[in-house]
Each structure stands twice: as structure tokens, then as C-alpha cells.
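Here the structure comes first, spelled out in C-alpha cells, and everything after it is commentary.
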Amino acid sequence: MTKKANRAVKIDASGLLYRELNARLREVVSNGTQRIELRNVCGQRYIGTDLGRPVEIEIFGTPGNDLGAFMDGPRITVRGNAQDGCGNTMNNGEIIVHGHAGDISGLSARGGKIFVREDVGYRAGIHMKEYQDRRPALVIGGTAQDFLGEYMAGGILILLGLNLKEGEHHKANYIGTGMHGGIIYLRGSVEAFQLGKEVGVAELEEKDHQTLQGFVGEFAAHFGYDAQAILKHRFTKLFPLWIRPYGRLYAY
Amino acid sequence: MKTYLPPKFIVERDPERCIQCQVCVNQCAFDTHYYDAEDDEVRSRPDSCVGCHRCVLFCPTQALTIRRNPLDYRENYNWRPEVIEDIIKQAETGGVLLTGMGNDKGYRIYWDHLVLNASQVTNPSIDPLREPMELATYLGRKPDRVEIDRDYPGLKTELAPQVRIEVPVMFAAMSYGAVSINVHESLARAATEAGTLWNTGEGGLHPKLYEYGNNTIVQVASGRFGVHPKYLDVSRVVEIKIGQGAKPGIGGHLPGEKVSAEVSMTRMIPTGTDALSPAPQHDIYSIEDLAQLVYALKEATNYTKPISVKIAAVHNSAAIASGMVRAGADIIVLDGLRGATGAAPKIIRDNVGIPIEMALASVDTRLRQEGIRNQASVVISGGIRNSGDVAKAIALGADAVYIGTAALIALGCTLCQQCHTGKCAWGICTTDLALTKRLNPDIGARRLANLLRSWSLELKDILGGMGINALESLRGNRLHLRGVGLNETELEILGVRMAGS
Ligand code: SF4
Ligand code: SF4
């Protein structure tokens with residue numbers, strides 16, 4: 001049993017519609033399979049949705065939008081790029097992208113972890129939230145587009161900027177606009193005008209270093225980096241100034 | 001700053017009747033009544049009264065009268081008291097005026113200009129007391145054609161998931177946090193008893209109500225509060241909320257004070273933070289994107305549940321609805337100009353959106369013209385007041401209706417429009433534990449189930465009078481409607497003829 005369970009089941013996704021592919025995945029997972037290898041993936045959406053179990057899925061090719069949407073448990077490794085909406089409203093599990101990811105990565109995630117080796121598109125980490133020990137994390141190796149961490153209500157967002165050249169800045173504007181929970185760690189610095197007006201800037205404290213050690217350590221292990229070399233650089237911490245950013249907008 | 005706002009109500013206490021019991025002091029959530037210990041007398045400060053009439057109804061000796069206090073400004077049709085007082089309030093606060101409930105302005109109510117038909121001589125009416133009458137409605141996508149398997153009597157065609165409701169009236173989305181947990185429980189139990197559905201709204205579902213899942217529509221809105229696999233699993237229908245009639249195009253800010261420990265658990269956000277629902281869903285900027293979320297939810301629930309999409313009725317509803325159906329929505333919901341809310345900017349509530357009657361008629365017509373009306377059920381909401389409105393809505397083309405305000409009135413709401421303050425004296429729109437207790441879910445469920453029973457009986461009477469024995473035969477049958485006092489264009493959009501023609 002253990003042996004069978006440990007062997008990776010291979011699925012050739014070429015020519016399969018997402019509905020067929022995901023039905024295959026459900027079937028394979030319900031048979032107790034622990035590891036799945038998907039070959040020739042080309043734009044199929046919603047991979048990892050409705051599997052509800054901590055299975056390992058390795059994807060070769062380019063998965064489509066909403067990779068791991070509403071996902072609850074699986075660990076997905078993408079040997080390629082991910083598209084938009086990766087980890088949309090994810091509950092639990094892990095997505096490790098050996099490449100870029102598109103817009104709204106981690107939208108409304110409430111748990112689990114997403115590691116992206118390269119860049120992400122617009123509004124990454126938007127409206128991530130947390131409750132007690134459920135705390136999603138999004139770690140981005142490269143840089144991000146505008147509205148990073150918009151409306152963030154919880155969770156941890158780490159932007160490493162590893163592909164920026166010496167002296168080059170992150171280009172995103174409106175970082176953390178509307179943020180009212182959670183925390184953003186940026187490697188390197190950003191100008192004040194790049195930040196949303198609801199965001200404060202602070203120096204790291206001991207427990208921030210610990211958090212970073214953990215996540216950067218995992219990131220480095222996934223993608224073969226030297227964690228200590230990354231951590232040697234200066235990090236900036238962004239935090240929400242208010243938990244009720246719009247409390248004073250209204251007349252009752 | 002001294003306020004220039006006059007008290008809105010006059011509070012009168014009849015000294016002959018008052019027994020100084022202080023019930024009013026305890027019942028008023030707005031601190032209008034107080035006990036003056038020095039004089040040993042119950043008194044009031046009318047400036048804080050909102051006219052909810054809680055004290056009037058609970059005073060054991062009927063000693064209280066609450067009357068409007070229309071400050072007699074000089075007559076002016078343009079500068080009415082409401083307009084003047086809104087400006088005063090803004091001058092004193094600098095804020096966006098918030099309000100609760102639905103649009104209270106005098107836009108034409110088309111239901112009141114539509115009349116129903118009845119059978120006379122040429123066909124017999126039916127007596128629903130003695131003959132079978134069918135109100136059952138199936139919500140969900142219907143196939144273009146069905147194939148029958150002659151060998152095994154049954155359908156060869158595979159049907160999309162269908163939900164049967166016994167009465168075409170469901171409870172509209174009202175989120176926990178906006179309304180109290182006891183409202184949710186009352187709605188869930190009444191829906192279960194009556195064989196219909198209630199809707200969680202966008203604030204998640206409290207675990208103690210999972211047992212009513214089979215009668216529950218769960219919402220997925222821009223904030224994605226409390227949306228997790230279990231939430232989707234226990235539900236009967238999943239509804240994507242794009243907008244609501246009270247505030248089309250506007251997100252929601254559930255104020256931090258209302259995010260109590262229990263609300264925080266259900267929404268899965270920390271206690272005391274504002275629960276912010278962004279204005280758009282950031283994964284939906286187009287019909288194609290809507291299709292993506294519709295199918296994400298179908299995948300997440302393995303194609304076992306209808307997916308509903310709710311929009312506010314706006315100018316282009318017909319074209320948008322066509323796109324929604326093509327995007328895979330199994331049920332589309334239109335929420336009209338009079339749809340209510342727990343909190344909305346007053347200026348939006350009172351000025352944005354279109355009357356639901358017009359939206360319904362144009363959407364139904366459009367979907368028929370395109371030959372896709374069967375592909376989705378159409379549900380409407382926003383100001384449905386009684387079974388007459390329901391019958392007219394069905395005749396105009398709706399499969400079912402949602403009621404929100406009517407359900408709250410059944411629970412005690414007196415439309416004081418203070419829902420946004422979180423101090424609802426009736427224990428409805430509040431998360432304050434003491435106020436919540438004022439609504440007993442046993443009694444709440446009874447009152448709601450009674451309301452649905454009354455409306456069912458009346459609907460059967462209406463149908464019987466028309467000589468129809470199944471609601472299905474009234475659906476979209478606009479020949480059963482005639483217009484009164486409507487102009488040509490109105491008649492044309494509604495697709496009904498003038499009374500007498
Ligand atoms: S606010 Fe309501 S309970 Fe209070 S005095 Fe006015 S009517 Fe009575
Ligand atoms: S729900 Fe409560 S606060 Fe809102 S209008 Fe009704 S009685 Fe007033």
C-alpha cells in the first residue's frame with residue numbers, strides 16, 4: 001500500500017480539457033494516490049481545486065488561470081510559469097512556481113503558502129486575510145506590479161527582488177493601498193510615493209527576523225538559493241496604520 | 001459644534017397611564033428614555049429617537065406615543081426637510097451619509113400599475129381548497145431539449161443540478177454581521193420548514209447552522225469572507241455576488257465594532273478590524289472572467305450545485321444578463337432599485353439602479369429573444385411586499401423571488417433605517433449580544449414560516465382564480481397582466497397590454 005501510494009501517477013494532459021483533467025485528478029486522488037506528475041499541461045484551469053487532501057502534484061508545462069483556487073491541502077510544484085489567480089481563495093496547501101506568476105496571485109487566500117521564483121503581475125496578495133493560526137504567506141523572488149498587497153487583511157507577503165540589478169528599485173506603485181491587516185516585507189527599499197496611504201514603514205524587530213528566516217529558508221530550499229545571502233540585505237517592513245482605514249469616512 | 005438638526009420625532013408619555021416601570025428605558029437602544037433618580041421619574045430626550053417604535057409596543061400601559069416632528073420650514077418643493085437636514089449633517093461631519101434599508105423615494109412602483117387576470121364564464125376558475133395546486137419550482141439550468149429513454153422509462157438527457165423549492169419565495173442575502181445570528185437561525189429554520197432556501201449573504205456561515213445546509217445558498221462576494229471548502233460543501237446553491245440593488249457598484253465596509261468574536265470566527269478575520277468588501281471582485285473584469293469564477297466554483301463543488309450570479313439591476317441589465325447566462329450561471333439574480341441593505345451611502349441607495357419590474361421584463365424578453373431563457377432560472381428581489389407582487393413577478397418572467405425587507409418586518413423590523421448604526425432595537429441588524437437576545441429564533445422561525453404559509457395560500461388563490469393549477473403555467477405569461485396608468489413605452493418594456501385591451 002505504502003509503496004503504491006508513494007509511486008507518482010503520471011498523467012499526460014495534452015489534449016485534455018480542464019474538466020477532464022480535473023476529473024482524472026479527483027479520481028486518482030480518491031484512489032489514495034499521494035503523488036501525481038502532470039505532463040504537457042497547457043492552460044488547463046483550476047488544477048488542485050476540490051482535491052481536499054495533501055497530495056503532491058508536479059506540473060510540467062503551463063497551468064492555466066486559478067491554479068489551486070479554493071484549494072485545501074495539496075502541494076503543487078510548477079516547473080514553468082503560472083497564470084492569473086494562482087491560489088485564489090486558497091484555504092490550505094502550497095504552490096511552488098519555478099517561474100513567473102500572473103495577476104492577483106494569492107487573491108483572498110486565507111491559508112497555505114505560495115512561493116514564486118520570479119515576478120508576479122498586478123495586485124498580488126490582494127485581500128489575503130488571516131484568522132488565528134491560519135495565516136497565508138506569499139513569497140516572491142523577483143518583483144511585482146502595482147497594487148501589491150492591496151486591501152490586505154492578514155497574512156505575510158515577502159518581496160525579495162532578487163532579479164533587480166544593483167541600485168534598481170521595485171517599480172510597483174500603490175503598494176499596500178487599503179491594507180488593514182497582515183504584514184509586507186520588502187527586500188531593498190521603496191520610495192514613500194510608491195506606498196499606499198494606509199501603510200506605515202518600520203524597522204524589523206527580532207520576531208520579524210525569525211519570520212523571514214523561516215520563509216526565506218523555505219524559498220531558498222525550493223529554488224536552490226543561499227538563504228543567508230538573501231537575508232544579509234536590508235529589509236523594510238510595511239504594516240497597516242489602522243485596522244479600520246475607512247472608519248472616519250462616514251456620517252451616521 | 002452645536003447641531004442645527006431638529007429632533008425627528010416627538011416622544012409623548014401620558015402621565016395618567018405611565019406607571020414608571022422603566023420598560024422603555026431598557027428597550028430603547030438609542031438612549032431616548034431615562035430614569036431621573038432625583039425626581040424619581042421616567043423622562044425622555046427626543047433628539048435621539050429614531051422612531052423604531054420598540055418602546056411603544058413594549059410599554060405595558062400604552063403610555064407612549066411617537067410622532068414625527070416635521071419642522072415647519074417654509075413650504076418649498078425643492079428644498080424639502082430631508083434635503084435641508086442632509087446638508088446640515090454633512091456640514092457638521094464632513095462624511096458620506098450612511099443609511100440602512102432600501103430606497104424610500106417616490107419612484108414609481110410598477111407592481112401597483114399592473115393587475116392580474118381571473119377566469120369568468122369562458123373557462124372555469126379552480127378552488128384551491130379542494131383541488132391540487134402546484135407551487136413547486138425547480139431552480140437551475142434546463143436543457144434545450146430532452147431525450148427520453150424508451151427502454152428504461154426515464155431521461156436520457158443528463159440534467160444540470162436542479163433545486164426544488166416548494167414556494168417561489170426565498171430569503172434574500174443578509175450577512176451575519178449585518179444581521180444577528182438569531183436572524184440567520186430564524187431564516188434557516190423557516191426555510192427548512194417551508195421547503196425553500198435562505199441565503200447567507202457574504203459574511204460566511206456560522207458552523208451551528210451547517211445542519212440547515214440543504215436549504216442554504218452561500219454567497220461568494222468580493223471579500224470572500226468565510227469562503228472555504230466546507231462552506232461550499234454544505235450549501236445547496238453557491239451564489240456569486242457582483243452587486244446589490246441598494247448600492248450598485250459599491251463595496252461594503254462592515255465597521256470594526258460589528259466584528260465581534262463570533263462574527264470574526266465566521267468571516268475568518270480578526271476581531272475589531274473593518275471587514276472590507278472591495279467594490280469589484282478583482283478576478284472579474286469581464287464576462288469571460290465571470291465564466292472563470294463560475295467554473296472555478298463548479299469545479300470546487302464538482303458540478304453538484306447550481307451556481308447563481310447576483311447583480312444589481314442597472315441600465316444594461318439585459319445585455320449583462322445574457323452574458324451571465326453564457327458565462328455558465330445556472331441562476332441569475334436581479335436586485336432592483338428598492339433592494340435593501342445593512343448600510344449604504346444614502347446618495348447611492350437613493351439614486352442608482354433601475355426599478356426591478358423594468359429590469360425583469362427586459363431581461364426575460366432579451367433571454368427569450370436569444371433563445372437562452374431556459375439556460376438559467378431568473379430570480380428577482382428588491383421591494384417585493386406581498387404575494388400579489390410575487391404573482392406579478394412570476395407572470396413577468398421570474399422563476400422565483402427573494403424577500404429581505406419583508407422577512408425582517410416579519411421579525412419585528414419597523415423600517416427605522418438605522419441598521420447601519422448596529423443598534424437595532426429589534427435585535428435584527430446588530431451584533432450586540434444583549435440586543436441579539438431580543439429576537440428568539442424559535443419565535444422568529446415561526447413568524448417567517450407563517451409569512452411563507454400565508455403567501456403560499458394566497459398564491460394558490462390567485463392561481464385558482466385564473467383557472468391555473470400550476471405556477472409553471474403563469475411563469476412568463478404576460479397575457480395574465482394588464483397595465484393601468486402606464487404610457488406606451490412603459491407598456492412596451494413591460495410587454496403588457498393596457499387594461500381594457
Ligand atoms: S428610538 Fe425607538 S425605542 Fe427609542 S424612544 Fe424612539 S421609538 Fe422608542
Ligand atoms: S432592521 Fe432594525 S435598525 Fe434596521 S430598519 Fe429594521 S428595525 Fe430599524
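Chain labels A, B, ... are given in the sequence in which chains occur in the C-alpha cells; within each chain residues are numbered consecutively from 1, and ligands are likewise numbered from 1 in the order shown.
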
Open item on the list: Should the cut-off be 9 Å, what would the residue list for chain A against chain B look like, counting only C-alpha atoms, as a PyMOL selection string?
Closed with: chain A and resi 19+22-23+45-46+49-52+65-66+69-72+84-85+88-91+103-104+107-110+123+126-127+129-132+134+151+153-154+180-181+242-252

Open item on the list: Could you list, as a count of residues only, every residue within 9 Å of region 182-189 of chain A, counting only C-alpha atoms and ignoring same-chain residues fewer than 3 positions away?
Closed with: 33

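Each residue with an atom within 8 Å of any atom of ligand 1 appears in the list, which was built counting only C-alpha atoms and all ligand atoms: Phe9, Val11, Cys24, Gln27, Cys28, Ala29, Phe30, Asp31, Thr32, His33, Ser44, Pro46, Ser48, Cys49, Val50, Gly51, Cys52, His53, Arg54, Cys55, Val56, Ile66 and Ala425 of chain B.
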
Take the residues from that selection and put them in a file with C-alpha atoms, as an mmCIF file, in the first residue's frame.
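See part-v5.cif below for the written result:
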```cif
data_model
loop_
_atom_site.group_PDB
_atom_site.id
_atom_site.type_symbol
_atom_site.label_atom_id
_atom_site.label_comp_id
_atom_site.auth_asym_id
_atom_site.auth_seq_id
_atom_site.Cartn_x
_atom_site.Cartn_y
_atom_site.Cartn_z
ATOM 1 C CA PHE B 9 -39.672 62.618 16.483
ATOM 2 C CA VAL B 11 -41.984 61.482 22.292
ATOM 3 C CA CYS B 24 -38.992 51.988 27.772
ATOM 4 C CA GLN B 27 -35.971 48.797 25.464
ATOM 5 C CA CYS B 28 -34.704 51.899 23.713
ATOM 6 C CA ALA B 29 -31.335 51.183 22.107
ATOM 7 C CA PHE B 30 -30.833 54.860 21.357
ATOM 8 C CA ASP B 31 -30.920 56.144 24.955
ATOM 9 C CA THR B 32 -34.005 58.256 24.464
ATOM 10 C CA HIS B 33 -35.739 57.336 27.708
ATOM 11 C CA SER B 44 -37.093 61.329 27.518
ATOM 12 C CA PRO B 46 -36.483 63.166 21.964
ATOM 13 C CA SER B 48 -32.065 60.760 19.871
ATOM 14 C CA CYS B 49 -35.320 58.985 18.968
ATOM 15 C CA VAL B 50 -35.243 57.254 15.585
ATOM 16 C CA GLY B 51 -38.891 56.249 15.530
ATOM 17 C CA CYS B 52 -38.404 52.489 15.771
ATOM 18 C CA HIS B 53 -41.487 52.143 17.972
ATOM 19 C CA ARG B 54 -39.945 49.475 20.131
ATOM 20 C CA CYS B 55 -40.873 51.364 23.302
ATOM 21 C CA VAL B 56 -44.417 51.981 22.124
ATOM 22 C CA ILE B 66 -44.050 58.621 18.990
ATOM 23 C CA ALA B 425 -33.714 47.841 18.959
#
```

Task: Non-local contacts of region 348-352 of chain B (8 Å; only C-alpha atoms; under 2 positions in same chain excluded) as a count of residues only - done: 14

How close does each residue of chain B get to ligand 2, giving the shortest atom pair and distance in Å to one decimal for every residue with an atom at most 9 Å away, counting only C-alpha atoms and all ligand atoms, sorted by chain and residue number, as a tab-separated table?
```
residue	atom	partner	partner_atom_place_in_ligand_line	distance
B:Val50	CA	ligand 2	8 (Fe)	8.5
B:Gly51	CA	ligand 2	8 (Fe)	8.6
B:Cys52	CA	ligand 2	7 (S)	5.9
B:His53	CA	ligand 2	7 (S)	8.6
B:Arg54	CA	ligand 2	7 (S)	8.4
B:Gly100	CA	ligand 2	4 (Fe)	6.2
B:Met101	CA	ligand 2	5 (S)	5.8
B:Val179	CA	ligand 2	1 (S)	7.8
B:Thr341	CA	ligand 2	4 (Fe)	8.7
B:Gly342	CA	ligand 2	4 (Fe)	7.0
B:Thr405	CA	ligand 2	6 (Fe)	8.1
B:Leu408	CA	ligand 2	1 (S)	6.4
B:Ile409	CA	ligand 2	6 (Fe)	7.0
B:Leu411	CA	ligand 2	1 (S)	8.8
B:Gly412	CA	ligand 2	7 (S)	6.7
B:Cys413	CA	ligand 2	6 (Fe)	3.7
B:Thr414	CA	ligand 2	7 (S)	4.7
B:Leu415	CA	ligand 2	5 (S)	3.6
B:Cys416	CA	ligand 2	8 (Fe)	3.9
B:Gln417	CA	ligand 2	5 (S)	3.9
B:Gln418	CA	ligand 2	3 (S)	4.1
B:Cys419	CA	ligand 2	4 (Fe)	3.7
B:His420	CA	ligand 2	3 (S)	7.2
B:Thr421	CA	ligand 2	3 (S)	7.4
B:Gly422	CA	ligand 2	3 (S)	7.2
B:Lys423	CA	ligand 2	3 (S)	6.6
B:Cys424	CA	ligand 2	3 (S)	3.9
B:Ala425	CA	ligand 2	2 (Fe)	6.1
B:Trp426	CA	ligand 2	2 (Fe)	5.5
B:Gly427	CA	ligand 2	2 (Fe)	6.8
B:Ile428	CA	ligand 2	1 (S)	5.1
B:Cys429	CA	ligand 2	1 (S)	4.8
B:Thr430	CA	ligand 2	2 (Fe)	7.9
```

Residue subset to file, keeping N, CA and C atoms, as a compact mmCIF listing (two decimals), in the first residue's frame:
```txt
# COMPACT_ATOMS: atom_id res chain seq x y z
N VAL B 50 -35.28 57.54 17.03
CA VAL B 50 -35.24 57.25 15.59
C VAL B 50 -36.58 56.74 15.07
N GLY B 51 -37.56 56.67 15.96
CA GLY B 51 -38.89 56.25 15.53
C GLY B 51 -39.01 54.76 15.24
N CYS B 52 -38.34 53.93 16.03
CA CYS B 52 -38.40 52.49 15.77
C CYS B 52 -39.62 51.84 16.45
N HIS B 53 -40.25 52.58 17.33
CA HIS B 53 -41.49 52.14 17.97
C HIS B 53 -41.36 50.92 18.86
N ARG B 54 -40.15 50.59 19.22
CA ARG B 54 -39.94 49.47 20.13
C ARG B 54 -40.60 49.80 21.49
N GLY B 100 -29.63 52.83 6.21
CA GLY B 100 -29.95 51.42 6.13
C GLY B 100 -31.25 51.21 5.37
N MET B 101 -31.62 49.97 5.13
CA MET B 101 -32.81 49.56 4.38
C MET B 101 -32.75 50.04 2.92
N VAL B 179 -26.75 41.35 9.96
CA VAL B 179 -27.84 40.91 10.83
C VAL B 179 -27.28 39.99 11.90
N THR B 341 -30.39 47.14 2.44
CA THR B 341 -29.02 46.90 2.86
C THR B 341 -28.86 47.17 4.34
N GLY B 342 -27.81 46.63 4.91
CA GLY B 342 -27.49 46.93 6.30
C GLY B 342 -26.79 48.27 6.42
N THR B 405 -36.50 42.64 3.06
CA THR B 405 -37.19 43.57 3.95
C THR B 405 -38.47 42.94 4.51
N LEU B 408 -37.66 40.70 7.29
CA LEU B 408 -37.26 41.41 8.51
C LEU B 408 -38.47 42.04 9.20
N ILE B 409 -39.41 42.51 8.41
CA ILE B 409 -40.63 43.07 9.01
C ILE B 409 -41.35 41.97 9.79
N LEU B 411 -40.00 39.76 11.34
CA LEU B 411 -39.25 39.55 12.58
C LEU B 411 -39.35 40.73 13.54
N GLY B 412 -40.01 41.81 13.12
CA GLY B 412 -40.18 42.94 14.02
C GLY B 412 -39.70 44.26 13.48
N CYS B 413 -38.92 44.25 12.42
CA CYS B 413 -38.37 45.50 11.85
C CYS B 413 -39.49 46.49 11.55
N THR B 414 -39.25 47.75 11.94
CA THR B 414 -40.24 48.78 11.66
C THR B 414 -39.70 49.82 10.66
N LEU B 415 -38.65 49.45 9.94
CA LEU B 415 -38.09 50.30 8.89
C LEU B 415 -37.60 51.66 9.39
N CYS B 416 -36.97 51.63 10.55
CA CYS B 416 -36.47 52.91 11.06
C CYS B 416 -35.20 53.34 10.33
N GLN B 417 -34.64 52.46 9.52
CA GLN B 417 -33.47 52.75 8.69
C GLN B 417 -32.22 53.06 9.49
N GLN B 418 -32.11 52.46 10.67
CA GLN B 418 -30.91 52.69 11.47
C GLN B 418 -29.99 51.47 11.49
N CYS B 419 -30.19 50.56 10.53
CA CYS B 419 -29.42 49.31 10.51
C CYS B 419 -27.91 49.56 10.58
N HIS B 420 -27.45 50.62 9.92
CA HIS B 420 -26.01 50.90 9.85
C HIS B 420 -25.42 51.28 11.20
N THR B 421 -26.28 51.60 12.17
CA THR B 421 -25.74 52.01 13.48
C THR B 421 -25.41 50.79 14.34
N GLY B 422 -25.92 49.64 13.95
CA GLY B 422 -25.67 48.42 14.73
C GLY B 422 -26.45 48.40 16.03
N LYS B 423 -27.39 49.34 16.20
CA LYS B 423 -28.11 49.41 17.47
C LYS B 423 -29.56 48.97 17.35
N CYS B 424 -29.90 48.26 16.31
CA CYS B 424 -31.29 47.88 16.07
C CYS B 424 -31.99 47.41 17.34
N ALA B 425 -33.01 48.15 17.72
CA ALA B 425 -33.71 47.84 18.96
C ALA B 425 -34.50 46.54 18.86
N TRP B 426 -34.66 46.05 17.67
CA TRP B 426 -35.40 44.80 17.49
C TRP B 426 -34.48 43.59 17.44
N GLY B 427 -33.19 43.82 17.64
CA GLY B 427 -32.25 42.70 17.69
C GLY B 427 -32.00 42.09 16.32
N ILE B 428 -32.28 42.85 15.26
CA ILE B 428 -32.16 42.29 13.92
C ILE B 428 -30.81 42.66 13.32
N CYS B 429 -30.63 43.95 13.11
CA CYS B 429 -29.40 44.41 12.47
C CYS B 429 -28.37 44.82 13.51
N THR B 430 -27.83 43.86 14.21
CA THR B 430 -26.90 44.17 15.28
C THR B 430 -26.06 42.94 15.58
```

Task: Coordinates-based distance that separates CA of Asp36 (chain B) from CA of Thr61 (chain B) (Å, one decimal) - done: 19.8 Å

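Atom to atom, CA of Leu16 (chain A) and CA of Gly64 (chain A) stand 12.5 Å apart.
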
- [ ] May I have all residues of region 171-336 of chain B that DSSP, computed from the backbone, assigns to strand (DSSP E), given as a ChimeraX atom specification?
- [x] /B:171,198-199,216-220,237-241,252-254,275-277,307-312,331-335

- [ ] Choose the residue, out of A:Ala137, A:Gly196, A:Phe219, A:Thr33, that has the smallest atom-to-atom separation from Val97 (chain A); count only C-alpha atoms.
- [x] A:Phe219

Open item on the list: As an exercise, work out the distance from CA of Gly201 (chain B) to CA of Met174 (chain B) in Å and give it to one decimal place.
Closed with: 4.6 Å
